[in-house]
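**Student:** Okay, here's the structure, questions in a sec.
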Amino acid sequence: MTPEDFPAFFRAVHGQDPFPWQAALARRVAGTGWPALLDLPTGSGKTAVIDIAVFTLALEIDRPAAERRAPLRLFFAIDRRIVVDDVARRADHLRDRLDAALTDDAADAVATTVARRLAGGTGKPLHTATLRGGTLHHDADWARSPAQPLVCVTTVDQLGSRLLFRGYGVSEGMRPVHAGLTGNDALIVLDEAHLSRPFEQTLATVRRLRGNAGTPFHVVRMSATPGGPADAFTLGAEDRTHPVLSRRLSASKPARLVVAPARGAGLEEELAAQALRLLGETPPCAGGGPAVGVVVNRVGTARAVFERLRAARPEVDAALLTGRVRPLDRDRLLAELLPRIRAGRAEDAPAGGPLLLVATQCIEAGADLDLDALVTEAASLDALRQRFGRLDRLGRRGLAPAAVVAPKDAFAKNATDPLYGTALREGWAWLMANATVTGKGRAAVGQVDFGVEALAALMERTPPGDAAALAARAPVLSPAVLDLLARTAPAPHPDPDIAPFLHGLGRDAADVFVVWRADLPALDDHDPKSPDADILELDIARRLTALPPSALEAMALPRHVAVAWLTGTRADAPDAEGATAEPLPAEAAPRWFVRWRGADECRIENRPFTLRPGDTIVLPAGRGGCDRYGWAPDSGEPVTDLAEEAARARGRRLHRFHPNLPTTPPWEEAAALIALHITADRVDAAGLIGALSLDGDWTVIPYAEGGVLLVERRRKPDDVAPDGDGLLHTTPVLLAPHLDRVAEVAGRLARAAGLPEDLVADITLAARLHDIGKAEPRFQAMLRGGDAVAAATRPPLAKSLLPDRDRARWHAAREAAGLPEGARHEAWSVALLRDHPRLRDAADPELLLWLVGTHHGQGRPWFPAVPDRASGRLSVTLGGDRFEGPVAHELERLDGGWPELMERLLRRYGAWGLAHLETVLRLADQRASADEMREAAP
């Protein structure tokens with residue numbers, strides 16, 4: 001297989017030939033690597049970089065990581081939430097085609113070769129993932145293997161926070177794994193890089209600070225807004241004469257320049273009026289229409305215009321699309337809308353009526369939408385060019401009308417826009433200066449053609465100066481700051497704020513996530529001093545632990561917007577990550593909410609000012625604030641509960657019988673049935689499950705207000721806790737075979753990831769020894785339910801039969817064993833190895849100790865100080881080796897030497913290089929645990 005085979009590969013995947021630039025880029029990447037900038041106009045098929053990245057990886061997959069130019073993982077970063085899903089669909093299509101090529105004898109030979117090469121190390125050609133943020137539950141599915149080819153479509157916040165060791169929504173223990181995967185063997189593609197300049201600056205520093213990490217790491221900027229270096233990759237002569245591309249480039253998009261009286265109601269009225277004008281003037285095309293888009297700068301403006309249009313023309317279909325919407329609601333909206341607005345929709349599709357689509361910046365970049373007419377609120381010139389990329393995207397019409405509306409106060413002297421600064425004012429002045437004027441006097445109308453070639457020619461004749469948004473600058477990511485960020489367990493205090501490195505100084509922090517549940521008790525009358533307060537909090541924690549909040553049901557809101565709403569005030573929501581910081585509202589009378597950070601941290605609170613980026617809050621559905629179109633702060637209507645739909649989308653079976661939820665059978669009948677099996681002092685789970693004719697193993701959570709929650713216990717291998725000790729099992733697992741299995745998996749993964757043999761050997765040895773500290777007698781007694789005699793007379797265990805969620809039984813077993821709370825078996829593993837001859841088998845003995853000590857993400861750089869009266873020495877014999885060490889390992893001491901070891905290894909391997917080596921061992925441990933679970937499952 002050679003670079004010349006890319007067109008055949010592209011045809012096999014997409015059923016059509018690539019554009020000339022796509023084939024040329026594949027040849028260039030295969031020959032000299034990725035260019036720093038792809039300067040490509042909108043509508044030119046930029047998402048083909050996914051196909052190019054996967055194809056060129058297949059050409060080099062057998063090379064060591066240090067010799068590959070093609071990384072294993074592609075992170076396609078976009079600063080617009082709606083677009084994340086649009087690009088993800090292309091990635092999923094490629095994944096499915098490669099999966100099919102492995103089994104379909106008639107598949108294209110090149111596609112089959114690509115699939116087999118990529119699947120050689122893992123058995124699966126390609127994994128795809130979408131990181132849109134939200135809760136912990138299942139967001140780590142993409143982080144299962146250091147050797148799996150991956151396409152991950154994500155946002156700047158989700159990618160950048162992981163890269164900087166502070167992953168939003170990622171547990172403290174898993175932060176090094178996510179940093180290791182994003183900072184090594186990674187190609188980061190910044191789509192519409194002008195939207196993410198601070199993050200681009202941070203990435204440039206990351207590249208320098210990585211040093212010689214031994215794995216490829218490339219950053220590629222993509223932009224439809226020219227202005228890059230002279231050596232940027234762009235369209236060639238063949239593209240400009242291509243029968244499909246040339247039509248897109250030459251399409252005319254004349255836009256009328258309109259002045260509105262002022263922001264607020266005046267602007268909203270003018271935007272609606274212009275939309276209705278274009279609706280009447282734009283004829284339908286084949287496939288229905290016309291589809292008239294209205295793109296505005298704030299979520300509140302979008303909803304106000306949407307309501308005006310619905311009231312003015314109730315017979316016309318209208319839709320509202322913003323990024324402040326729950327993913328499941330968004331999926332439903334897009335399923336309704338895309339057949340009518342997707343680029344390339346079938347010409348012979350059933351004709352639909354006219355459509356008025358009101359949207360925010362969420363459709364501004366990368367969204368494969370094709371509108372017939374467009375009204376847009378004035379913005380910076382680069383933002384306007386992006387919005388016009390959704391108008392007649394494929395050049396089907398050849399001429400598509402538009403309007404740009406600016407409120408009079410936006411271009412007043414010294415006016416500064418909250419989102420676009422002075423660029424909105426300067427951009428409007430440039431447009432007015434270069435407009436073609438028709439008519440005279442009050443009838444005079446200024447017009448500018450926003451067609452790709454027409455606007456580019458105008459900008460070349462008259463450079464726009466400061467009309468493009470002036471991006472904030474990121475602070476310098478210095479080695480000292482990186483050293484602090486690399487300390488993940490525990491994080492230092494004070495901890496560096498990473499938001500400025502992602503969005504620039506003076507920009508807002510990341511989002512928080514809001515989930516609504518109908519089976520959550522009302523919280524407005526909560527009294528924390530009530531005798532029942534602790535019982536209520538425990539009850540809610542049990543419900544959410546059994547059915548955790550999911551990213552699919554969570555709405556992302558800027559922190560200041562969520563705080564304002566929870567305190568009874570108002571703040572409009574921008575729809576771009578990292579918008580200019582806005583002050584928090586004055587302390588008011590906050591309402592109660594549930595802050596969810598996992599089963600161990602679920603609290604009823606009324607302190608919204610303490611919310612942190614990535615936090616998840618859970619509210620009763622009756623609180624309102626959301627409808628089918630997303631964020632609706634003025635709505636008091638109960639919010640639709642999406643918990644069951646989200647859980648079932650993840651493959652979980654559950655039943656909820658609650659007075660606030662529709663049930664089958666009807667609630668009265670269900671309540672009577674439940675009452676037979678659940679009373680105040682008795683829960684007959686088996687009887688209830690039998691009465692409901694349910695098979696399988698179920699968690700039963702009675703509701704205090706009546707009813708019951710039933711959630712099937714998961715037994716799939718993927719359900720091994722990604723950052724825990726992995727002690728949950730269906731049958732005991734002996735320590736010695738577990739260590740052998742982890743060593744085998746670790747060696748295989750390390751080689752598949754292309755690491756050099758000396759590191760493969762050290763990781764394998766660390767895997768073989770990582771859990772020897774579990775042989776500590778008290779730890780063994782805990783694993784056997786507190787039975788010290790069984791622990792002393794039977795082979796040591798790696799995993800126990802105790803239910804993972806049964807905190808009471810674990811606590812009782814630990815107490816009976818005499819094991820101090822918080823004691824870490826990894827620390828005992830280090831103590832047993834420090835003076836052992838096996839250390840001499842390692843190419844880097846210090847690295848081996850570090851990998852053993854941090855294989856659950858703890859001890860980076862401090863182990864917890866645990867009061868322990870035990871003394872003496874440990875003695876363990878495993879596989880013919882005898883290990884001895886002190887019970888008091890003293891790694892938590894200031895003079896224990898562990899933080900100094902981290903310093904030396906950071907200098908030796910770099911922050912991301914060290915995290916990558918830890919990642920290989922940790923994911924091998926999880927993979928081995930998953931295999932053991934699979935074998936033990938009935």
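Residue numbering restarts at 1 in every chain; chains get A, B, ... in the order shown in the structure tokens, and ligands count up from 1 in that same order.
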Residues near A:Leu25, anyone? I mean within 12 Å using only C-alpha atoms, not counting same-chain ones fewer than 5 positions away, as a PyMOL selection string.
**Tutor:** chain A and resi 3-4+6-7+18-20+30-35+37-40+46+48-53+55-56+232-236
**Student:** Please write the residues from the selection above to a file, keeping C-alpha atoms, as a PDB file, in the first residue's frame.
**Tutor:**
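Saved result, result12.pdb, follows:
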ATOM      1  CA  PRO A   3       0.150   7.069  -0.682  1.00  0.00           C
ATOM      2  CA  GLU A   4      -1.209   6.770  -4.224  1.00  0.00           C
ATOM      3  CA  PHE A   6      -5.634   7.076  -0.942  1.00  0.00           C
ATOM      4  CA  PRO A   7      -8.244   7.803  -3.670  1.00  0.00           C
ATOM      5  CA  PRO A  18     -11.732  12.807  -3.132  1.00  0.00           C
ATOM      6  CA  PHE A  19     -11.225  16.411  -4.161  1.00  0.00           C
ATOM      7  CA  PRO A  20      -7.766  17.062  -5.632  1.00  0.00           C
ATOM      8  CA  ALA A  30       2.797  10.488   3.943  1.00  0.00           C
ATOM      9  CA  GLY A  31       5.913  12.138   2.549  1.00  0.00           C
ATOM     10  CA  THR A  32       6.866  15.001   4.856  1.00  0.00           C
ATOM     11  CA  GLY A  33       4.267  15.072   7.610  1.00  0.00           C
ATOM     12  CA  TRP A  34       1.426  17.397   8.496  1.00  0.00           C
ATOM     13  CA  PRO A  35       1.560  21.094   7.588  1.00  0.00           C
ATOM     14  CA  LEU A  37      -1.956  25.234   8.701  1.00  0.00           C
ATOM     15  CA  LEU A  38      -4.679  24.055   6.348  1.00  0.00           C
ATOM     16  CA  ASP A  39      -6.016  27.225   4.710  1.00  0.00           C
ATOM     17  CA  LEU A  40      -9.211  25.881   3.178  1.00  0.00           C
ATOM     18  CA  LYS A  46     -12.144  19.817   5.502  1.00  0.00           C
ATOM     19  CA  ALA A  48     -11.550  14.623   5.225  1.00  0.00           C
ATOM     20  CA  VAL A  49      -8.508  15.192   7.438  1.00  0.00           C
ATOM     21  CA  ILE A  50      -9.972  12.348   9.515  1.00  0.00           C
ATOM     22  CA  ASP A  51      -9.729   9.950   6.568  1.00  0.00           C
ATOM     23  CA  ILE A  52      -6.225  11.212   5.729  1.00  0.00           C
ATOM     24  CA  ALA A  53      -5.011  10.775   9.318  1.00  0.00           C
ATOM     25  CA  PHE A  55      -4.959   6.247   6.093  1.00  0.00           C
ATOM     26  CA  THR A  56      -1.457   7.635   6.733  1.00  0.00           C
ATOM     27  CA  ALA A 232       0.169  26.947   4.450  1.00  0.00           C
ATOM     28  CA  PHE A 233      -1.524  24.122   2.579  1.00  0.00           C
ATOM     29  CA  THR A 234      -4.385  25.422   0.456  1.00  0.00           C
ATOM     30  CA  LEU A 235      -6.413  24.664  -2.654  1.00  0.00           C
ATOM     31  CA  GLY A 236      -4.595  24.064  -5.934  1.00  0.00           C
TER      32      GLY A 236
END
**Student:** Residues of stretch 446-600 of chain A classed as helix (DSSP H, G or I) by DSSP on the backbone are to be reported as a ChimeraX atom specification.
**Tutor:** /A:452-461,465-467,479-486,499-503,533-546,551-553,559-566
**Student:** Listing only residues of stretch 399-498 of chain A within 12 Å of stretch 169-188 of chain A, what is the closest atom pair and its distance in Å (to one decimal) for each, using only C-alpha atoms, sorted by chain and residue number ascending, as JSON lines?
**Tutor:**
{"residue": "A:Leu485", "atom": "CA", "partner": "A:Pro176", "partner_atom": "CA", "distance": 10.1}
{"residue": "A:Ala486", "atom": "CA", "partner": "A:Pro176", "partner_atom": "CA", "distance": 7.9}
{"residue": "A:Arg487", "atom": "CA", "partner": "A:Pro176", "partner_atom": "CA", "distance": 9.1}
{"residue": "A:Thr488", "atom": "CA", "partner": "A:Glu172", "partner_atom": "CA", "distance": 6.4}
{"residue": "A:Ala489", "atom": "CA", "partner": "A:Glu172", "partner_atom": "CA", "distance": 6.5}
{"residue": "A:Pro490", "atom": "CA", "partner": "A:Glu172", "partner_atom": "CA", "distance": 7.8}
{"residue": "A:Ala491", "atom": "CA", "partner": "A:Glu172", "partner_atom": "CA", "distance": 8.2}
{"residue": "A:Pro492", "atom": "CA", "partner": "A:Glu172", "partner_atom": "CA", "distance": 12.0}
**Student:** Write out as a list in words all residues of stretch 365-511 of chain A that backbone DSSP assigns to strand (DSSP E).
**Tutor:**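 Here is the list: Ala373, Leu374, Val375, Thr376, Glu377, Ala402, Ala403, Val404, Val405, Ala406, Pro407, Thr436, Val437, Thr438, Val445, Gly446, Gln447, Val448, Asp449 and Asp511 of chain A.
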**Student:** With 7 Å as the cut-off and only C-alpha atoms counted, what is the closest atom pair between each nearby residue of stretch 315-379 of chain A and stretch 628-637 of chain A? Distances in Å to one decimal, ordered by chain and number, as a Markdown table.
**Tutor:**
| residue | atom | partner | partner_atom | distance |
| --- | --- | --- | --- | --- |
| A:Leu320 | CA | A:Tyr629 | CA | 6.0 |
| A:Leu321 | CA | A:Tyr629 | CA | 6.7 |
| A:Arg324 | CA | A:Trp631 | CA | 5.7 |
| A:Val325 | CA | A:Gly630 | CA | 3.9 |
| A:Arg326 | CA | A:Gly630 | CA | 6.5 |
| A:Asp329 | CA | A:Arg628 | CA | 6.0 |
**Student:** Take the residues just selected and output them with C-alpha atoms as an mmCIF file, in the first residue's frame.
**Tutor:**
data_model
loop_
_atom_site.group_PDB
_atom_site.id
_atom_site.type_symbol
_atom_site.label_atom_id
_atom_site.label_comp_id
_atom_site.auth_asym_id
_atom_site.auth_seq_id
_atom_site.Cartn_x
_atom_site.Cartn_y
_atom_site.Cartn_z
ATOM 1 C CA LEU A 320 -34.417 26.939 17.692
ATOM 2 C CA LEU A 321 -30.902 25.525 17.762
ATOM 3 C CA ARG A 324 -27.218 25.148 25.457
ATOM 4 C CA VAL A 325 -29.326 22.034 25.033
ATOM 5 C CA ARG A 326 -29.157 18.500 26.359
ATOM 6 C CA ASP A 329 -32.870 16.836 23.010
#
**Student:** Give me the residues within 10 Å of A:Trp430 as a PyMOL selection string, counting only C-alpha atoms and dropping any in the same chain fewer than 4 places off.
**Tutor:** chain A and resi 381+424-426+434-435+459+462-467
**Student:** So which residues touch stretch 143-152 of chain A within 6 Å, counting only C-alpha atoms, skipping near sequence neighbours fewer than 6 positions away, as a count of residues only?
**Tutor:** 12
**Student:** Considering only C-alpha atoms, return as a ChimeraX atom specification whatever protein or nucleic-acid residues lie within 12 Å of A:Gly211, sequence-local ones (same chain, fewer than 4 positions apart) excluded.
**Tutor:** /A:183-184,204-207,215-217,479,906-913
**Student:** Pick from A:Ala675, A:Met222, A:Ala433, A:Ala237: nearest to A:Ile78, with only C-alpha atoms counted?
**Tutor:** A:Met222
**Student:** Separation of atom CA of A:Leu878 and atom CA of A:Leu735, in Å?
**Tutor:**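 Between atom CA of A:Leu878 and atom CA of A:Leu735 the gap is 8.7 Å.
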**Student:** To one decimal place in Å, what is the distance between atom CA of A:Thr616 and atom CA of A:Arg330?
**Tutor:**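 Separation of atom CA of A:Thr616 and atom CA of A:Arg330: 19.1 Å.
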**Student:** For a quick check of understanding, using only C-alpha atoms, which of A:Asp835, A:Ile617, A:Leu538, A:Asn660 has the smallest distance to A:Pro638?
**Tutor:** A:Asn660
**Student:** Find the distance between atom CA of A:Gly690 and atom CA of A:Ile678 and write it in Å to one decimal.
**Tutor:**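 Answer for the atom CA of A:Gly690 to atom CA of A:Ile678 separation: 13.2 Å.
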**Student:** Counting only C-alpha atoms, what is within 10 Å of A:Ala766, bar same-chain residues fewer than 3 positions away, as a list in words?
**Tutor:**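 Non-adjacent residues within range: Leu739, Val742, Ala743, Ala746, Val760, Ala761, Asp762, Ile763, Leu769, His770, Asp771, Leu839, Ala842, Pro845, Leu847, Leu848, Leu849, Trp850, Leu851, Val852, Gly853, His855 and Leu921 of chain A.
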**Student:** Just write the chosen residues, N, CA and C atoms, as an mmCIF file, in the first residue's frame.
**Tutor:**
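And here is the file that came out, again.cif:
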data_model
loop_
_atom_site.group_PDB
_atom_site.id
_atom_site.type_symbol
_atom_site.label_atom_id
_atom_site.label_comp_id
_atom_site.auth_asym_id
_atom_site.auth_seq_id
_atom_site.Cartn_x
_atom_site.Cartn_y
_atom_site.Cartn_z
ATOM 1 N N LEU A 739 -1.197 -11.003 38.726
ATOM 2 C CA LEU A 739 0.044 -10.308 38.375
ATOM 3 C C LEU A 739 0.594 -10.821 37.048
ATOM 4 N N VAL A 742 -1.615 -9.308 34.221
ATOM 5 C CA VAL A 742 -1.368 -7.895 33.984
ATOM 6 C C VAL A 742 -0.025 -7.708 33.285
ATOM 7 N N ALA A 743 0.982 -8.486 33.659
ATOM 8 C CA ALA A 743 2.289 -8.376 33.007
ATOM 9 C C ALA A 743 2.194 -8.721 31.531
ATOM 10 N N ALA A 746 0.327 -5.840 29.789
ATOM 11 C CA ALA A 746 1.137 -4.622 29.756
ATOM 12 C C ALA A 746 2.222 -4.714 28.699
ATOM 13 N N VAL A 760 9.461 -1.220 27.424
ATOM 14 C CA VAL A 760 8.525 -2.353 27.436
ATOM 15 C C VAL A 760 8.885 -3.300 28.571
ATOM 16 N N ALA A 761 10.175 -3.583 28.710
ATOM 17 C CA ALA A 761 10.622 -4.505 29.757
ATOM 18 C C ALA A 761 10.344 -3.944 31.144
ATOM 19 N N ASP A 762 10.603 -2.647 31.353
ATOM 20 C CA ASP A 762 10.370 -2.065 32.679
ATOM 21 C C ASP A 762 8.883 -2.021 33.015
ATOM 22 N N ILE A 763 8.039 -1.694 32.037
ATOM 23 C CA ILE A 763 6.599 -1.667 32.291
ATOM 24 C C ILE A 763 6.099 -3.077 32.593
ATOM 25 N N LEU A 769 4.826 -6.841 39.382
ATOM 26 C CA LEU A 769 5.071 -6.612 40.805
ATOM 27 C C LEU A 769 4.125 -5.577 41.414
ATOM 28 N N HIS A 770 3.237 -4.998 40.612
ATOM 29 C CA HIS A 770 2.530 -3.797 41.076
ATOM 30 C C HIS A 770 1.650 -4.024 42.287
ATOM 31 N N ASP A 771 1.070 -5.210 42.451
ATOM 32 C CA ASP A 771 0.105 -5.453 43.525
ATOM 33 C C ASP A 771 0.657 -6.297 44.661
ATOM 34 N N LEU A 839 14.954 -5.162 41.419
ATOM 35 C CA LEU A 839 15.138 -3.808 40.903
ATOM 36 C C LEU A 839 16.282 -3.737 39.908
ATOM 37 N N ALA A 842 15.706 -3.946 36.129
ATOM 38 C CA ALA A 842 15.092 -2.833 35.398
ATOM 39 C C ALA A 842 16.138 -1.942 34.761
ATOM 40 N N PRO A 845 15.487 1.572 37.491
ATOM 41 C CA PRO A 845 14.845 1.132 38.736
ATOM 42 C C PRO A 845 13.926 2.184 39.338
ATOM 43 N N LEU A 847 12.113 4.398 37.751
ATOM 44 C CA LEU A 847 10.855 4.382 37.000
ATOM 45 C C LEU A 847 10.000 3.203 37.434
ATOM 46 N N LEU A 848 10.607 2.043 37.633
ATOM 47 C CA LEU A 848 9.844 0.871 38.048
ATOM 48 C C LEU A 848 9.130 1.140 39.375
ATOM 49 N N LEU A 849 9.852 1.712 40.357
ATOM 50 C CA LEU A 849 9.223 2.021 41.637
ATOM 51 C C LEU A 849 8.069 3.001 41.459
ATOM 52 N N TRP A 850 8.275 4.005 40.623
ATOM 53 C CA TRP A 850 7.237 5.012 40.404
ATOM 54 C C TRP A 850 5.993 4.392 39.767
ATOM 55 N N LEU A 851 6.171 3.559 38.762
ATOM 56 C CA LEU A 851 5.024 2.937 38.100
ATOM 57 C C LEU A 851 4.242 2.070 39.074
ATOM 58 N N VAL A 852 4.943 1.354 39.931
ATOM 59 C CA VAL A 852 4.272 0.521 40.933
ATOM 60 C C VAL A 852 3.503 1.392 41.918
ATOM 61 N N GLY A 853 4.118 2.486 42.361
ATOM 62 C CA GLY A 853 3.493 3.318 43.384
ATOM 63 C C GLY A 853 2.327 4.141 42.904
ATOM 64 N N HIS A 855 0.091 3.251 40.340
ATOM 65 C CA HIS A 855 -0.757 2.531 39.383
ATOM 66 C C HIS A 855 -2.252 2.680 39.669
ATOM 67 N N LEU A 921 0.679 0.987 32.009
ATOM 68 C CA LEU A 921 0.499 0.017 33.086
ATOM 69 C C LEU A 921 -0.921 0.057 33.639
#
